[in-house]
>>> print(open('protein32.pdb').read())   # PDB, C-alpha atoms
ATOM      1  CA  MET A   1      68.922 -12.515  40.627
ATOM      2  CA  SER A   2      68.425 -15.652  42.763
ATOM      3  CA  ILE A   3      67.951 -19.118  41.263
ATOM      4  CA  PHE A   4      64.424 -19.156  42.688
ATOM      5  CA  ARG A   5      63.494 -15.899  40.973
ATOM      6  CA  ILE A   6      65.002 -17.121  37.671
ATOM      7  CA  SER A   7      63.031 -20.382  37.801
ATOM      8  CA  THR A   8      59.911 -18.451  38.740
ATOM      9  CA  LEU A   9      60.380 -16.130  35.776
ATOM     10  CA  ILE A  10      60.828 -19.090  33.415
ATOM     11  CA  SER A  11      57.672 -20.695  34.782
ATOM     12  CA  ALA A  12      55.787 -17.456  34.297
ATOM     13  CA  VAL A  13      56.926 -17.160  30.669
ATOM     14  CA  LEU A  14      55.910 -20.755  29.982
ATOM     15  CA  ALA A  15      52.543 -20.153  31.601
ATOM     16  CA  VAL A  16      51.861 -17.071  29.513
ATOM     17  CA  SER A  17      52.891 -18.967  26.369
ATOM     18  CA  LEU A  18      50.552 -21.836  27.166
ATOM     19  CA  PHE A  19      47.718 -19.457  27.952
ATOM     20  CA  SER A  20      48.247 -17.534  24.697
ATOM     21  CA  ALA A  21      48.353 -20.764  22.702
ATOM     22  CA  SER A  22      45.096 -21.933  24.267
ATOM     23  CA  LEU A  23      43.415 -18.647  23.369
ATOM     24  CA  SER A  24      44.584 -18.850  19.736
ATOM     25  CA  ALA A  25      43.496 -22.470  19.279
ATOM     26  CA  MET A  26      40.146 -21.633  17.738
ATOM     27  CA  PRO A  27      38.067 -24.511  16.307
ATOM     28  CA  PHE A  28      38.361 -25.234  12.588
ATOM     29  CA  ALA A  29      34.898 -24.194  11.391
ATOM     30  CA  PRO A  30      34.548 -24.070   7.579
ATOM     31  CA  VAL A  31      31.512 -22.352   6.058
ATOM     32  CA  ILE A  32      29.614 -23.409   2.923
ATOM     33  CA  ASP A  33      27.386 -20.850   1.160
ATOM     34  CA  GLU A  34      25.835 -22.942  -1.613
ATOM     35  CA  PHE A  35      25.833 -26.507  -2.897
ATOM     36  CA  TRP A  36      24.361 -27.295  -6.301
ATOM     37  CA  VAL A  37      24.278 -29.852  -9.115
ATOM     38  CA  VAL A  38      24.040 -29.424 -12.893
ATOM     39  CA  LYS A  39      22.868 -32.437 -14.898
ATOM     40  CA  ASN A  40      23.094 -32.593 -18.708
ATOM     41  CA  GLY A  41      23.581 -28.834 -18.881
ATOM     42  CA  SER A  42      20.674 -27.829 -16.597
ATOM     43  CA  GLU A  43      20.724 -27.083 -12.881
ATOM     44  CA  ASN A  44      18.564 -29.591 -11.022
ATOM     45  CA  PHE A  45      19.458 -28.964  -7.380
ATOM     46  CA  ARG A  46      20.604 -26.048  -5.235
ATOM     47  CA  ASP A  47      20.847 -25.677  -1.477
ATOM     48  CA  SER A  48      21.456 -22.076  -0.379
ATOM     49  CA  PHE A  49      21.265 -22.943   3.330
ATOM     50  CA  SER A  50      18.694 -20.243   3.965
ATOM     51  CA  ASP A  51      15.898 -22.010   5.854
ATOM     52  CA  GLY A  52      17.740 -22.254   9.174
ATOM     53  CA  ASN A  53      17.342 -26.046   9.360
ATOM     54  CA  LEU A  54      20.496 -28.135   9.581
ATOM     55  CA  PRO A  55      21.111 -31.163   7.328
ATOM     56  CA  ALA A  56      19.629 -33.735   6.874
ATOM     57  CA  SER A  57      17.079 -31.004   6.093
ATOM     58  CA  GLY A  58      17.233 -29.379   2.677
ATOM     59  CA  PRO A  59      15.189 -28.065  -0.259
ATOM     60  CA  GLU A  60      13.786 -31.526  -1.112
ATOM     61  CA  ASP A  61      12.221 -32.262   2.279
ATOM     62  CA  GLY A  62       9.029 -34.284   1.900
ATOM     63  CA  ILE A  63       9.961 -35.668  -1.532
ATOM     64  CA  THR A  64      12.216 -38.511  -0.443
ATOM     65  CA  THR A  65      10.859 -41.496   1.462
ATOM     66  CA  SER A  66      12.921 -40.476   4.495
ATOM     67  CA  GLY A  67      11.635 -36.911   4.395
ATOM     68  CA  ASN A  68      15.158 -35.470   4.101
ATOM     69  CA  THR A  69      17.429 -34.184   1.356
ATOM     70  CA  TYR A  70      20.651 -35.622   2.738
ATOM     71  CA  SER A  71      22.120 -38.687   4.314
ATOM     72  CA  VAL A  72      24.498 -37.290   6.929
ATOM     73  CA  GLN A  73      27.586 -38.528   8.743
ATOM     74  CA  GLY A  74      28.934 -36.801  11.827
ATOM     75  CA  SER A  75      25.666 -34.940  12.373
ATOM     76  CA  ALA A  76      26.978 -33.165  15.494
ATOM     77  CA  GLY A  77      29.411 -31.341  13.233
ATOM     78  CA  PHE A  78      26.630 -29.331  11.576
ATOM     79  CA  THR A  79      26.602 -26.492  14.068
ATOM     80  CA  SER A  80      24.811 -23.481  12.552
ATOM     81  CA  GLU A  81      22.674 -22.513   9.545
ATOM     82  CA  SER A  82      21.733 -18.869   9.223
ATOM     83  CA  GLY A  83      22.057 -15.961   6.810
ATOM     84  CA  GLY A  84      22.542 -18.251   3.845
ATOM     85  CA  LYS A  85      25.553 -19.987   5.384
ATOM     86  CA  LEU A  86      26.098 -23.417   6.945
ATOM     87  CA  THR A  87      28.883 -23.556   9.524
ATOM     88  CA  MET A  88      30.550 -26.912  10.135
ATOM     89  CA  THR A  89      32.719 -28.039  13.051
ATOM     90  CA  PRO A  90      34.298 -31.284  11.821
ATOM     91  CA  SER A  91      36.052 -31.965  15.128
ATOM     92  CA  LEU A  92      32.564 -32.949  16.368
ATOM     93  CA  GLY A  93      32.123 -35.477  13.551
ATOM     94  CA  THR A  94      32.681 -39.231  13.439
ATOM     95  CA  PRO A  95      36.006 -41.129  13.166
ATOM     96  CA  THR A  96      37.458 -41.267   9.663
ATOM     97  CA  LEU A  97      37.329 -44.641   7.891
ATOM     98  CA  ILE A  98      40.433 -44.563   5.671
ATOM     99  CA  THR A  99      43.505 -46.073   7.381
ATOM    100  CA  GLY A 100      46.500 -43.746   7.468
ATOM    101  CA  SER A 101      44.456 -40.589   6.950
ATOM    102  CA  THR A 102      45.919 -37.517   8.628
ATOM    103  CA  ALA A 103      42.376 -36.607   9.663
ATOM    104  CA  ASP A 104      40.752 -37.973  12.807
ATOM    105  CA  THR A 105      37.121 -36.919  12.352
ATOM    106  CA  PHE A 106      34.762 -36.595   9.394
ATOM    107  CA  MET A 107      31.395 -35.030   8.662
ATOM    108  CA  GLY A 108      29.433 -34.845   5.436
ATOM    109  CA  ALA A 109      26.044 -34.697   3.712
ATOM    110  CA  ARG A 110      25.168 -36.748   0.582
ATOM    111  CA  ARG A 111      22.147 -36.021  -1.587
ATOM    112  CA  ILE A 112      19.825 -39.006  -1.232
ATOM    113  CA  ARG A 113      17.808 -38.865  -4.461
ATOM    114  CA  SER A 114      20.784 -39.156  -6.819
ATOM    115  CA  THR A 115      20.507 -42.957  -6.603
ATOM    116  CA  ASP A 116      16.843 -42.951  -7.786
ATOM    117  CA  SER A 117      16.945 -44.356 -11.307
ATOM    118  CA  GLY A 118      14.603 -42.447 -13.607
ATOM    119  CA  SER A 119      14.361 -39.370 -11.366
ATOM    120  CA  SER A 120      15.667 -35.944 -12.327
ATOM    121  CA  ALA A 121      18.184 -36.235  -9.500
ATOM    122  CA  HIS A 122      19.731 -39.475 -10.769
ATOM    123  CA  LEU A 123      23.335 -39.101 -11.951
ATOM    124  CA  GLY A 124      24.009 -42.075 -14.225
ATOM    125  CA  SER A 125      27.106 -42.985 -16.232
ATOM    126  CA  GLY A 126      25.416 -41.753 -19.424
ATOM    127  CA  ASP A 127      24.803 -38.287 -17.958
ATOM    128  CA  SER A 128      27.060 -35.283 -17.806
ATOM    129  CA  PHE A 129      27.156 -33.558 -14.436
ATOM    130  CA  GLU A 130      28.804 -30.823 -12.404
ATOM    131  CA  ILE A 131      28.911 -30.807  -8.599
ATOM    132  CA  HIS A 132      29.562 -27.323  -7.158
ATOM    133  CA  GLY A 133      30.362 -26.143  -3.648
ATOM    134  CA  LEU A 134      30.871 -22.468  -2.764
ATOM    135  CA  PHE A 135      32.797 -21.993   0.490
ATOM    136  CA  ASP A 136      34.009 -19.014   2.518
ATOM    137  CA  LEU A 137      37.731 -18.710   3.175
ATOM    138  CA  THR A 138      37.195 -17.322   6.672
ATOM    139  CA  SER A 139      38.300 -20.574   8.320
ATOM    140  CA  ILE A 140      41.056 -22.279   6.365
ATOM    141  CA  PRO A 141      43.012 -25.431   7.256
ATOM    142  CA  MET A 142      45.865 -24.634   9.654
ATOM    143  CA  VAL A 143      47.265 -28.145  10.146
ATOM    144  CA  SER A 144      47.492 -31.299   8.068
ATOM    145  CA  GLY A 145      44.278 -33.294   8.429
ATOM    146  CA  GLN A 146      41.949 -30.294   8.251
ATOM    147  CA  GLN A 147      40.051 -29.889   4.974
ATOM    148  CA  PHE A 148      36.679 -29.042   3.462
ATOM    149  CA  GLY A 149      35.199 -29.662   0.047
ATOM    150  CA  ILE A 150      32.991 -31.795  -2.175
ATOM    151  CA  ARG A 151      32.784 -35.390  -3.324
ATOM    152  CA  ALA A 152      31.339 -37.531  -6.088
ATOM    153  CA  SER A 153      30.746 -40.938  -4.535
ATOM    154  CA  ASP A 154      29.647 -44.275  -5.988
ATOM    155  CA  ARG A 155      30.315 -45.992  -2.671
ATOM    156  CA  SER A 156      27.728 -48.633  -1.730
ATOM    157  CA  SER A 157      27.604 -51.428   0.821
ATOM    158  CA  THR A 158      25.349 -53.544  -1.423
ATOM    159  CA  ASN A 159      27.293 -53.869  -4.657
ATOM    160  CA  GLY A 160      30.926 -53.460  -3.602
ATOM    161  CA  ALA A 161      31.352 -50.059  -5.260
ATOM    162  CA  SER A 162      33.972 -48.067  -3.401
ATOM    163  CA  ASP A 163      35.255 -45.074  -5.389
ATOM    164  CA  VAL A 164      35.065 -41.488  -4.185
ATOM    165  CA  ALA A 165      36.419 -38.516  -6.133
ATOM    166  CA  GLN A 166      37.232 -35.775  -3.607
ATOM    167  CA  LEU A 167      38.114 -32.102  -4.181
ATOM    168  CA  THR A 168      39.124 -30.162  -1.077
ATOM    169  CA  VAL A 169      40.835 -27.119   0.362
ATOM    170  CA  ILE A 170      43.594 -28.644   2.460
ATOM    171  CA  LYS A 171      46.941 -27.896   4.084
ATOM    172  CA  SER A 172      49.675 -29.957   2.431
ATOM    173  CA  SER A 173      51.555 -32.255   4.797
ATOM    174  CA  ILE A 174      54.566 -31.977   2.448
ATOM    175  CA  SER A 175      54.913 -28.277   1.573
ATOM    176  CA  GLY A 176      52.828 -26.799   4.389
ATOM    177  CA  ASN A 177      50.896 -24.721   1.843
ATOM    178  CA  VAL A 178      47.132 -24.336   1.764
ATOM    179  CA  GLY A 179      45.884 -25.519  -1.604
ATOM    180  CA  ILE A 180      43.285 -27.385  -3.616
ATOM    181  CA  ARG A 181      43.672 -31.162  -3.742
ATOM    182  CA  PHE A 182      41.937 -33.596  -6.090
ATOM    183  CA  GLY A 183      42.067 -37.139  -4.806
ATOM    184  CA  ASP A 184      40.789 -40.667  -5.312
ATOM    185  CA  LEU A 185      39.510 -42.605  -2.287
ATOM    186  CA  ASP A 186      38.850 -46.338  -2.381
ATOM    187  CA  PHE A 187      37.002 -47.716   0.644
ATOM    188  CA  VAL A 188      37.611 -51.358  -0.352
ATOM    189  CA  ALA A 189      41.342 -51.016  -0.991
ATOM    190  CA  ASP A 190      41.472 -48.624   2.001
ATOM    191  CA  THR A 191      43.509 -46.008   0.133
ATOM    192  CA  SER A 192      43.524 -42.229  -0.316
ATOM    193  CA  GLU A 193      45.645 -41.065  -3.238
ATOM    194  CA  THR A 194      46.348 -37.689  -4.837
ATOM    195  CA  ALA A 195      45.838 -36.808  -8.478
ATOM    196  CA  GLY A 196      46.500 -33.057  -8.358
ATOM    197  CA  PHE A 197      47.412 -30.330  -5.873
ATOM    198  CA  LEU A 198      47.685 -26.561  -6.503
ATOM    199  CA  SER A 199      48.748 -24.072  -3.831
ATOM    200  CA  ILE A 200      46.529 -21.001  -3.295
ATOM    201  CA  GLU A 201      48.755 -19.376  -0.655
ATOM    202  CA  SER A 202      49.533 -16.369  -2.849
ATOM    203  CA  PHE A 203      45.809 -15.570  -3.250
ATOM    204  CA  LEU A 204      44.702 -15.846   0.376
ATOM    205  CA  ALA A 205      45.247 -12.143   1.104
ATOM    206  CA  THR A 206      42.465 -11.157  -1.317
ATOM    207  CA  ALA A 207      40.365 -14.291  -1.908
ATOM    208  CA  VAL A 208      37.219 -14.523   0.249
ATOM    209  CA  GLN A 209      35.418 -17.456  -1.432
ATOM    210  CA  VAL A 210      36.325 -20.582  -3.361
ATOM    211  CA  GLU A 211      34.067 -22.526  -5.713
ATOM    212  CA  LEU A 212      34.982 -26.206  -6.064
ATOM    213  CA  ILE A 213      33.741 -28.149  -9.105
ATOM    214  CA  ILE A 214      33.789 -31.885  -9.889
ATOM    215  CA  SER A 215      32.538 -32.613 -13.412
ATOM    216  CA  LYS A 216      32.002 -35.484 -15.843
ATOM    217  CA  GLU A 217      31.166 -35.579 -19.526
ATOM    218  CA  ALA A 218      28.339 -37.799 -20.821
ATOM    219  CA  SER A 219      29.060 -41.487 -21.495
ATOM    220  CA  THR A 220      32.420 -41.576 -19.748
ATOM    221  CA  ASP A 221      33.525 -42.717 -16.298
ATOM    222  CA  ILE A 222      36.351 -40.183 -15.982
ATOM    223  CA  VAL A 223      35.862 -37.170 -13.699
ATOM    224  CA  ASP A 224      37.627 -33.804 -13.686
ATOM    225  CA  ALA A 225      38.169 -31.113 -11.078
ATOM    226  CA  SER A 226      38.522 -27.327 -11.132
ATOM    227  CA  PHE A 227      38.164 -24.316  -8.838
ATOM    228  CA  ILE A 228      37.492 -20.573  -8.898
ATOM    229  CA  LEU A 229      38.653 -17.965  -6.361
ATOM    230  CA  TYR A 230      36.581 -14.809  -5.764
ATOM    231  CA  ASP A 231      37.441 -11.526  -4.040
ATOM    232  CA  ALA A 232      35.143  -9.419  -1.828
ATOM    233  CA  THR A 233      33.371  -7.965  -4.888
ATOM    234  CA  SER A 234      32.673 -11.483  -6.260
ATOM    235  CA  ALA A 235      35.170 -10.878  -9.064
ATOM    236  CA  ILE A 236      37.204 -13.885 -10.216
ATOM    237  CA  ILE A 237      40.846 -13.514  -9.217
ATOM    238  CA  HIS A 238      42.047 -17.000 -10.186
ATOM    239  CA  SER A 239      40.782 -20.272 -11.635
ATOM    240  CA  ALA A 240      42.435 -23.543 -12.597
ATOM    241  CA  THR A 241      41.877 -27.185 -13.545
ATOM    242  CA  LEU A 242      43.677 -29.894 -11.592
ATOM    243  CA  ASP A 243      45.459 -32.978 -12.854
ATOM    244  CA  ASN A 244      43.131 -36.006 -12.697
ATOM    245  CA  ILE A 245      45.725 -38.783 -13.069
ATOM    246  CA  ASN A 246      46.155 -40.777  -9.856
ATOM    247  CA  ASN A 247      49.809 -40.430  -8.822
ATOM    248  CA  VAL A 248      49.963 -44.050  -7.642
ATOM    249  CA  THR A 249      47.971 -45.977 -10.244
ATOM    250  CA  LEU A 250      48.732 -43.557 -13.123
ATOM    251  CA  GLN A 251      45.089 -44.013 -14.184
ATOM    252  CA  ALA A 252      42.494 -41.257 -14.561
ATOM    253  CA  VAL A 253      40.147 -40.767 -11.605
ATOM    254  CA  ASP A 254      36.899 -42.536 -12.519
ATOM    255  CA  LEU A 255      33.537 -43.664 -11.137
ATOM    256  CA  TYR A 256      30.797 -46.191 -12.053
ATOM    257  CA  ASN A 257      32.500 -49.521 -11.392
ATOM    258  CA  GLY A 258      29.554 -51.919 -11.225
ATOM    259  CA  GLU A 259      26.786 -49.385 -10.550
ATOM    260  CA  ASP A 260      24.982 -46.590 -12.396
ATOM    261  CA  TYR A 261      24.820 -43.635 -10.027
ATOM    262  CA  THR A 262      26.967 -41.204  -8.089
ATOM    263  CA  ARG A 263      26.089 -39.125  -5.042
ATOM    264  CA  PRO A 264      27.020 -35.431  -4.697
ATOM    265  CA  GLN A 265      28.367 -34.652  -1.246
ATOM    266  CA  PHE A 266      29.948 -31.818   0.747
ATOM    267  CA  MET A 267      32.218 -32.648   3.659
ATOM    268  CA  ALA A 268      34.930 -31.584   6.098
ATOM    269  CA  THR A 269      37.525 -33.296   8.279
ATOM    270  CA  ASP A 270      39.615 -32.324  11.282
ATOM    271  CA  THR A 271      42.549 -33.670  13.234
ATOM    272  CA  GLY A 272      43.099 -34.059  16.975
ATOM    273  CA  VAL A 273      43.504 -30.858  19.009
ATOM    274  CA  ASN A 274      46.381 -30.784  21.484
ATOM    275  CA  ILE A 275      44.996 -30.264  24.996
ATOM    276  CA  PRO A 276      47.573 -29.232  27.641
ATOM    277  CA  GLU A 277      48.806 -32.222  29.653
ATOM    278  CA  PRO A 278      48.285 -32.158  33.455
ATOM    279  CA  GLY A 279      51.998 -31.370  33.784
ATOM    280  CA  SER A 280      51.624 -28.369  31.509
ATOM    281  CA  LEU A 281      48.680 -27.159  33.543
ATOM    282  CA  ALA A 282      50.822 -27.490  36.660
ATOM    283  CA  VAL A 283      53.503 -25.341  35.043
ATOM    284  CA  PHE A 284      50.789 -22.833  34.133
ATOM    285  CA  SER A 285      49.629 -22.680  37.761
ATOM    286  CA  LEU A 286      53.209 -22.398  39.013
ATOM    287  CA  GLY A 287      53.819 -19.555  36.593
ATOM    288  CA  LEU A 288      50.799 -17.650  37.852
ATOM    289  CA  LEU A 289      51.953 -18.152  41.424
ATOM    290  CA  GLY A 290      55.410 -16.954  40.436
ATOM    291  CA  LEU A 291      54.000 -13.821  38.868
ATOM    292  CA  GLY A 292      52.050 -13.128  42.043
ATOM    293  CA  TYR A 293      55.129 -13.729  44.200
ATOM    294  CA  MET A 294      57.315 -11.395  42.108
ATOM    295  CA  ARG A 295      54.650  -8.669  42.181
ATOM    296  CA  ARG A 296      54.350  -9.008  45.960
ATOM    297  CA  ARG A 297      58.152  -8.769  46.421
ATOM    298  CA  LYS A 298      58.209  -5.682  44.215
ATOM    299  CA  THR A 299      55.572  -3.864  46.271
ATOM    300  CA  VAL A 300      56.998  -4.779  49.711
TER     301      VAL A 300
END
>>> encode(input="protein32.pdb", output="structure tokens")
Amino acid sequence: MSIFRISTLISAVLAVSLFSASLSAMPFAPVIDEFWVVKNGSENFRDSFSDGNLPASGPEDGITTSGNTYSVQGSAGFTSESGGKLTMTPSLGTPTLITGSTADTFMGARRIRSTDSGSSAHLGSGDSFEIHGLFDLTSIPMVSGQQFGIRASDRSSTNGASDVAQLTVIKSSISGNVGIRFGDLDFVADTSETAGFLSIESFLATAVQVELIISKEASTDIVDASFILYDATSAIIHSATLDNINNVTLQAVDLYNGEDYTRPQFMATDTGVNIPEPGSLAVFSLGLLGLGYMRRRKTV
């Protein structure tokens, strides 16, 4: 075989590989089925994403002064709400704000009324609460930087509060496993630190949904995290509680540092997608030409 035909064959193989990779690079698009809050033992909010209107819309429309349930970030990332499911595309969100994060883009929706002192929605330090998010496992993180989950946030630009407790489904940058991570974000110190991580790789063949839960007992600042995995019949196949001790500070994850509220939130992040360089596209074109040349030679 001539050197030209060998190089042409190599180019063709590279082209096919690039084309196959581009076809398999589907967007990371996590799906949330329900988002709800329990306060002092009673449910006081639930969004089942059934009205077909994207956030900031929600079940409290018309009650808040803004006319919306949520304050949203990365609004372009909310791409579809139908059939009781909200599909998110976090690559269309806004740039992340924590330095050193493996994620590039962020999107999220925070319940507005939880800061209203005296309202049923208010989550004060004296209250017990549970924040729940039920997600499909149809689109799971494939690379470090992709994640979806829930938050309890006391972050405020007016009083210096900065803490965010975050529970997410994420791909570990260390082990490469998909798992549940409980973390502590501080937007003043500009840090993102892990308290607990549990792999769920062994359950992914049968698990179809995951319920994430951030909870707090009354009259304490310390928050806990747990999760439940469900199969296609909605039966529980696994559940666990995560460690809530920050691995860096060795202190329990807490909220309410100078304020008396926390905001429930659901969110997702994504990382940059590798687009073929112009040189790679040239190789792709050369490969296609090579395939055509070889086919022509074969039929002559």
>>> residues_near_point(input="protein32.pdb", point="(31.6, -21.0, -4.0)", cutoff="6 Å", atoms="only C-alpha atoms", output="PyMOL selection string")
chain A and resi 133-135+209-211
>>> atom_distance(input="protein32.pdb", atom1="atom CA of A:Ser215", atom2="atom CA of A:His122")
14.8 Å
>>> resolve_selection(input="protein32.pdb", expression="the PyMOL selection byres ((chain A and resi 101) around 12)", output="ChimeraX atom specification")
/A:95-100,102-106,144-147,173,185,190-193,269-271
>>> write_last_selection(input="protein32.pdb", atoms="C-alpha atoms", output="PDB file, in the frame of the given file")
ATOM      1  CA  PRO A  95      36.006 -41.129  13.166  1.00  0.00           C
ATOM      2  CA  THR A  96      37.458 -41.267   9.663  1.00  0.00           C
ATOM      3  CA  LEU A  97      37.329 -44.641   7.891  1.00  0.00           C
ATOM      4  CA  ILE A  98      40.433 -44.563   5.671  1.00  0.00           C
ATOM      5  CA  THR A  99      43.505 -46.073   7.381  1.00  0.00           C
ATOM      6  CA  GLY A 100      46.500 -43.746   7.468  1.00  0.00           C
ATOM      7  CA  THR A 102      45.919 -37.517   8.628  1.00  0.00           C
ATOM      8  CA  ALA A 103      42.376 -36.607   9.663  1.00  0.00           C
ATOM      9  CA  ASP A 104      40.752 -37.973  12.807  1.00  0.00           C
ATOM     10  CA  THR A 105      37.121 -36.919  12.352  1.00  0.00           C
ATOM     11  CA  PHE A 106      34.762 -36.595   9.394  1.00  0.00           C
ATOM     12  CA  SER A 144      47.492 -31.299   8.068  1.00  0.00           C
ATOM     13  CA  GLY A 145      44.278 -33.294   8.429  1.00  0.00           C
ATOM     14  CA  GLN A 146      41.949 -30.294   8.251  1.00  0.00           C
ATOM     15  CA  GLN A 147      40.051 -29.889   4.974  1.00  0.00           C
ATOM     16  CA  SER A 173      51.555 -32.255   4.797  1.00  0.00           C
ATOM     17  CA  LEU A 185      39.510 -42.605  -2.287  1.00  0.00           C
ATOM     18  CA  ASP A 190      41.472 -48.624   2.001  1.00  0.00           C
ATOM     19  CA  THR A 191      43.509 -46.008   0.133  1.00  0.00           C
ATOM     20  CA  SER A 192      43.524 -42.229  -0.316  1.00  0.00           C
ATOM     21  CA  GLU A 193      45.645 -41.065  -3.238  1.00  0.00           C
ATOM     22  CA  THR A 269      37.525 -33.296   8.279  1.00  0.00           C
ATOM     23  CA  ASP A 270      39.615 -32.324  11.282  1.00  0.00           C
ATOM     24  CA  THR A 271      42.549 -33.670  13.234  1.00  0.00           C
TER      25      THR A 271
END
>>> resolve_selection(input="protein32.pdb", expression="the PyMOL selection byres ((chain A and resi 30) around 10)", output="JSON list (two decimals) with C-alpha atoms, in the frame of the given file")
[["chain", "number", "residue", "atom", "x", "y", "z"],
["A", 27, "PRO", "CA", 38.07, -24.51, 16.31],
["A", 28, "PHE", "CA", 38.36, -25.23, 12.59],
["A", 29, "ALA", "CA", 34.90, -24.19, 11.39],
["A", 31, "VAL", "CA", 31.51, -22.35, 6.06],
["A", 32, "ILE", "CA", 29.61, -23.41, 2.92],
["A", 86, "LEU", "CA", 26.10, -23.42, 6.94],
["A", 87, "THR", "CA", 28.88, -23.56, 9.52],
["A", 88, "MET", "CA", 30.55, -26.91, 10.14],
["A", 89, "THR", "CA", 32.72, -28.04, 13.05],
["A", 90, "PRO", "CA", 34.30, -31.28, 11.82],
["A", 135, "PHE", "CA", 32.80, -21.99, 0.49],
["A", 136, "ASP", "CA", 34.01, -19.01, 2.52],
["A", 137, "LEU", "CA", 37.73, -18.71, 3.18],
["A", 138, "THR", "CA", 37.20, -17.32, 6.67],
["A", 139, "SER", "CA", 38.30, -20.57, 8.32],
["A", 140, "ILE", "CA", 41.06, -22.28, 6.36],
["A", 141, "PRO", "CA", 43.01, -25.43, 7.26],
["A", 146, "GLN", "CA", 41.95, -30.29, 8.25],
["A", 147, "GLN", "CA", 40.05, -29.89, 4.97],
["A", 148, "PHE", "CA", 36.68, -29.04, 3.46],
["A", 149, "GLY", "CA", 35.20, -29.66, 0.05],
["A", 267, "MET", "CA", 32.22, -32.65, 3.66],
["A", 268, "ALA", "CA", 34.93, -31.58, 6.10],
["A", 269, "THR", "CA", 37.52, -33.30, 8.28]]
>>> atom_distance(input="protein32.pdb", atom1="atom CA of A:Leu123", atom2="atom CA of A:Asn247")
26.7 Å
>>> atom_distance(input="protein32.pdb", atom1="atom CA of A:Trp36", atom2="atom CA of A:Ile236")
19.0 Å
>>> resolve_selection(input="protein32.pdb", expression="the PyMOL selection byres ((chain A and resi 204) around 10)", output="JSON list (two decimals) with C-alpha atoms, in the coordinates of the input")
[["chain", "number", "residue", "atom", "x", "y", "z"],
["A", 137, "LEU", "CA", 37.73, -18.71, 3.18],
["A", 138, "THR", "CA", 37.20, -17.32, 6.67],
["A", 140, "ILE", "CA", 41.06, -22.28, 6.36],
["A", 178, "VAL", "CA", 47.13, -24.34, 1.76],
["A", 179, "GLY", "CA", 45.88, -25.52, -1.60],
["A", 200, "ILE", "CA", 46.53, -21.00, -3.30],
["A", 201, "GLU", "CA", 48.76, -19.38, -0.66],
["A", 202, "SER", "CA", 49.53, -16.37, -2.85],
["A", 203, "PHE", "CA", 45.81, -15.57, -3.25],
["A", 205, "ALA", "CA", 45.25, -12.14, 1.10],
["A", 206, "THR", "CA", 42.46, -11.16, -1.32],
["A", 207, "ALA", "CA", 40.36, -14.29, -1.91],
["A", 208, "VAL", "CA", 37.22, -14.52, 0.25],
["A", 209, "GLN", "CA", 35.42, -17.46, -1.43],
["A", 229, "LEU", "CA", 38.65, -17.96, -6.36],
["A", 231, "ASP", "CA", 37.44, -11.53, -4.04]]
>>> closest_residue(input="protein32.pdb", among="A:Gln251, A:Ser226, A:Asn68, A:Ser50", to="A:Ser80", atoms="only C-alpha atoms")
A:Ser50
>>> residues_around(input="protein32.pdb", residues="A:Ala252", least_positions_apart="3", cutoff="8 Å", atoms="all atoms listed in the file", output="compact mmCIF listing (two decimals) with C-alpha atoms, in the coordinates of the input")
# COMPACT_ATOMS: atom_id res chain seq x y z
CA ILE A 222 36.35 -40.18 -15.98
CA VAL A 223 35.86 -37.17 -13.70
CA ASN A 244 43.13 -36.01 -12.70
CA ILE A 245 45.72 -38.78 -13.07
CA ASN A 246 46.16 -40.78 -9.86
>>> residues_near_point(input="protein32.pdb", point="(43.0, -33.8, -10.5)", cutoff="6 Å", atoms="all atoms listed in the file", output="PyMOL selection string")
chain A and resi 182+195-196+225+242-244
>>> axis_aligned_box(input="protein32.pdb", around="stretch 201-219 of chain A", padding_each_side="8 Å", output="AutoDock Vina command-line options")
--center_x 38.9 --center_y -26.3 --center_z -10.2 --size_x 37.2 --size_y 46.3 --size_z 38.6
>>> closest_residue(input="protein32.pdb", among="A:Ile213, A:Val248, A:Val169, A:Ile180", to="A:Pro264", atoms="all atoms listed in the file")
A:Ile213
>>> residues_around(input="protein32.pdb", residues="A:Gln265", least_positions_apart="3", cutoff="8 Å", atoms="all atoms listed in the file", output="number ranges by chain")
A: 108-111, 150-153
>>> residues_around(input="protein32.pdb", residues="A:Asp254", least_positions_apart="3", cutoff="9 Å", atoms="only C-alpha atoms", output="ChimeraX atom specification")
/A:163-165,184,220-224,251,257
>>> closest_residue(input="protein32.pdb", among="A:Phe227, A:Phe187, A:Phe197, A:Tyr70", to="A:Glu130", atoms="all atoms listed in the file")
A:Phe227
>>> closest_residue(input="protein32.pdb", among="A:Gly118, A:Gly126, A:Gly84, A:Gly272", to="A:Asp51", atoms="all atoms listed in the file")
A:Gly84
